[in-house]
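K.L.:
What follows is upload.cif, mmCIF, C-alpha atoms, pLDDT in the B column; chains and numbers go by the auth columns.
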data_upload
loop_
_atom_site.group_PDB
_atom_site.id
_atom_site.type_symbol
_atom_site.label_atom_id
_atom_site.label_comp_id
_atom_site.label_asym_id
_atom_site.label_seq_id
_atom_site.Cartn_x
_atom_site.Cartn_y
_atom_site.Cartn_z
_atom_site.B_iso_or_equiv
_atom_site.auth_seq_id
_atom_site.auth_asym_id
ATOM 1 C CA MET A 1 95.936 98.894 32.340 95.00 1 G
ATOM 2 C CA VAL A 2 94.294 96.791 35.064 97.00 2 G
ATOM 3 C CA GLU A 3 93.322 93.148 34.608 97.00 3 G
ATOM 4 C CA VAL A 4 90.219 92.105 36.538 97.00 4 G
ATOM 5 C CA THR A 5 90.531 88.445 37.525 96.00 5 G
ATOM 6 C CA SER A 6 88.209 85.845 38.966 95.00 6 G
ATOM 7 C CA LYS A 7 88.682 85.118 42.652 93.00 7 G
ATOM 8 C CA LEU A 8 87.025 81.683 42.388 95.00 8 G
ATOM 9 C CA THR A 9 85.790 79.045 39.978 97.00 9 G
ATOM 10 C CA ALA A 10 82.335 80.120 38.814 97.00 10 G
ATOM 11 C CA ALA A 11 79.907 80.341 35.912 98.00 11 G
ATOM 12 C CA VAL A 12 79.375 83.729 34.275 98.00 12 G
ATOM 13 C CA LEU A 13 75.699 84.726 34.538 97.00 13 G
ATOM 14 C CA SER A 14 75.786 88.145 32.892 97.00 14 G
ATOM 15 C CA VAL A 15 78.076 90.840 31.548 98.00 15 G
ATOM 16 C CA ALA A 16 77.055 94.407 32.435 97.00 16 G
ATOM 17 C CA VAL A 17 79.548 96.370 30.325 97.00 17 G
ATOM 18 C CA ALA A 18 80.977 96.348 26.816 97.00 18 G
ATOM 19 C CA PRO A 19 84.363 97.374 25.438 97.00 19 G
ATOM 20 C CA GLY A 20 84.520 101.169 25.337 96.00 20 G
ATOM 21 C CA SER A 21 82.245 101.609 28.366 96.00 21 G
ATOM 22 C CA SER A 22 83.337 104.079 31.035 97.00 22 G
ATOM 23 C CA VAL A 23 83.246 102.653 34.557 97.00 23 G
ATOM 24 C CA ALA A 24 83.705 104.091 38.033 97.00 24 G
ATOM 25 C CA GLU A 25 85.458 102.264 40.833 97.00 25 G
ATOM 26 C CA GLY A 26 82.939 99.819 42.311 97.00 26 G
ATOM 27 C CA ASP A 27 80.730 99.510 39.212 98.00 27 G
ATOM 28 C CA ALA A 28 79.559 95.969 38.432 97.00 28 G
ATOM 29 C CA LEU A 29 81.301 94.490 35.392 98.00 29 G
ATOM 30 C CA LEU A 30 79.972 90.937 35.474 97.00 30 G
ATOM 31 C CA VAL A 31 77.940 88.650 37.689 97.00 31 G
ATOM 32 C CA VAL A 32 79.176 85.124 38.343 97.00 32 G
ATOM 33 C CA GLU A 33 77.522 82.233 40.152 97.00 33 G
ATOM 34 C CA SER A 34 79.215 79.764 42.454 95.00 34 G
ATOM 35 C CA MET A 35 77.490 77.332 44.821 93.00 35 G
ATOM 36 C CA LYS A 36 74.115 78.957 43.964 93.00 36 G
ATOM 37 C CA MET A 37 75.342 82.397 45.078 96.00 37 G
ATOM 38 C CA GLU A 38 75.409 85.327 42.653 97.00 38 G
ATOM 39 C CA ILE A 39 78.604 87.351 43.046 96.00 39 G
ATOM 40 C CA PRO A 40 79.151 90.707 41.311 97.00 40 G
ATOM 41 C CA ILE A 41 82.617 91.348 39.916 97.00 41 G
ATOM 42 C CA LEU A 42 83.328 95.030 40.538 97.00 42 G
ATOM 43 C CA ALA A 43 85.666 97.467 38.809 98.00 43 G
ATOM 44 C CA PRO A 44 88.711 97.985 41.054 97.00 44 G
ATOM 45 C CA VAL A 45 89.493 101.326 39.367 97.00 45 G
ATOM 46 C CA ALA A 46 87.780 103.990 37.268 97.00 46 G
ATOM 47 C CA GLY A 47 88.527 103.923 33.562 97.00 47 G
ATOM 48 C CA THR A 48 87.442 102.564 30.196 98.00 48 G
ATOM 49 C CA VAL A 49 86.742 98.896 29.540 98.00 49 G
ATOM 50 C CA GLN A 50 89.233 97.780 26.909 98.00 50 G
ATOM 51 C CA ARG A 51 88.279 94.118 26.731 97.00 51 G
ATOM 52 C CA ILE A 52 85.796 91.627 28.197 97.00 52 G
ATOM 53 C CA THR A 53 87.122 88.075 28.004 96.00 53 G
ATOM 54 C CA ALA A 54 84.159 86.169 29.472 95.00 54 G
ATOM 55 C CA ALA A 55 80.644 85.618 28.180 96.00 55 G
ATOM 56 C CA PRO A 56 77.448 84.354 29.818 97.00 56 G
ATOM 57 C CA SER A 57 77.570 80.593 30.509 95.00 57 G
ATOM 58 C CA ASP A 58 81.398 80.522 30.443 96.00 58 G
ATOM 59 C CA VAL A 59 83.002 78.710 33.362 98.00 59 G
ATOM 60 C CA VAL A 60 85.977 80.633 34.728 97.00 60 G
ATOM 61 C CA ALA A 61 88.677 79.491 37.125 97.00 61 G
ATOM 62 C CA GLU A 62 90.414 81.355 39.911 96.00 62 G
ATOM 63 C CA GLY A 63 92.894 83.780 38.351 96.00 63 G
ATOM 64 C CA ASP A 64 91.284 83.908 34.892 97.00 64 G
ATOM 65 C CA VAL A 65 91.223 87.405 33.381 97.00 65 G
ATOM 66 C CA LEU A 66 87.610 88.552 32.985 97.00 66 G
ATOM 67 C CA ALA A 67 88.110 92.140 31.844 98.00 67 G
ATOM 68 C CA VAL A 68 90.778 94.734 31.165 98.00 68 G
ATOM 69 C CA ILE A 69 90.306 98.368 32.216 98.00 69 G
ATOM 70 C CA VAL A 70 92.457 101.243 31.002 98.00 70 G
ATOM 71 C CA THR A 71 92.765 104.007 33.582 94.00 71 G
ATOM 72 C CA ALA A 72 92.401 107.652 32.603 70.00 72 G
#
Take the structure in the file and give it back as structure tokens.
P.N.:
Amino acid sequence: MVEVTSKLTAAVLSVAVAPGSSVAEGDALLVVESMKMEIPILAPVAGTVQRITAAPSDVVAEGDVLAVIVTA
């Protein structure tokens, strides 16, 4: 199980995956916005999305868990 965390304080713009989705390493999970820049949050590993803990318009802080991926 891999927790995907935020690297900075940002607002969540969109969520590209849902629980149960299969993802490859490098796939976009979410897009966040900070200082008017859109930043994709990418899957660090291949696996299945177990949980998404952020929704559009949420404000997340550095270190907040955004998603959990279970590896195959």
K.L.:
Quick one: residues within 8 Å of region 53-56 of chain G, all atoms listed in the file counted, chain neighbours fewer than 3 positions away excluded, as a list in words?
P.N.:
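Contacts, with the query itself left out: Ala11, Val12, Leu13, Ser14, Val15, Val60, Val65, Leu66 and Ala67 of chain G.
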K.L.:
Rank nothing, just name the residue among G:Ala10, G:Ala18, G:Gly63, G:Val2 nearest to Ala46 (chain G), using only C-alpha atoms.
P.N.:
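Comparing G:Ala10, G:Ala18, G:Gly63, G:Val2 against Ala46 (chain G), the winner is G:Val2.
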K.L.:
Work out how far CA of Met35 (chain G) is from CA of Ile69 (chain G), in Å to one decimal.
P.N.:
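Between CA of Ile69 (chain G) and CA of Met35 (chain G) the gap is 27.7 Å.
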K.L.:
When you draw a straight line from CA of Ser6 (chain G) to CA of Arg51 (chain G), how long is it in Å?
P.N.:
14.8 Å
K.L.:
What is the CA of Pro19 (chain G) to CA of Ala72 (chain G) distance in Å?
P.N.:
14.9 Å
K.L.:
Step by step, work through what the PyMOL selection byres ((chain G and resi 25-30) around 7) selects in the shown file, and finish by giving those residues as a ChimeraX atom specification.
P.N.:
/G:14-17,23-24,31-32,40-46
K.L.:
Let me make sure I understand: among G:Ser34, G:Thr48, G:Thr5, G:Ser21, which one has the smallest atom-to-atom distance to Glu62 (chain G) if we use all atoms listed in the file?
P.N.:
G:Thr5
K.L.:
Need to verify the contact set: Met1 (chain G), 8 Å, all atoms listed in the file, exclusion of same-chain residues closer than 5 positions in sequence. Can you return it as a list in words?
P.N.:
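My reading of the contact set: Val68, Ile69, Val70 and Thr71 of chain G.
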K.L.:
Using all atoms of region 6-9 of chain G listed in the file and a margin of 3 Å per side, can you give the axis-aligned box centre and edge lengths in Å to one decimal, as AutoDock Vina command-line options?
P.N.:
--center_x 87.2 --center_y 82.4 --center_z 40.8 --size_x 8.9 --size_y 12.8 --size_z 9.7
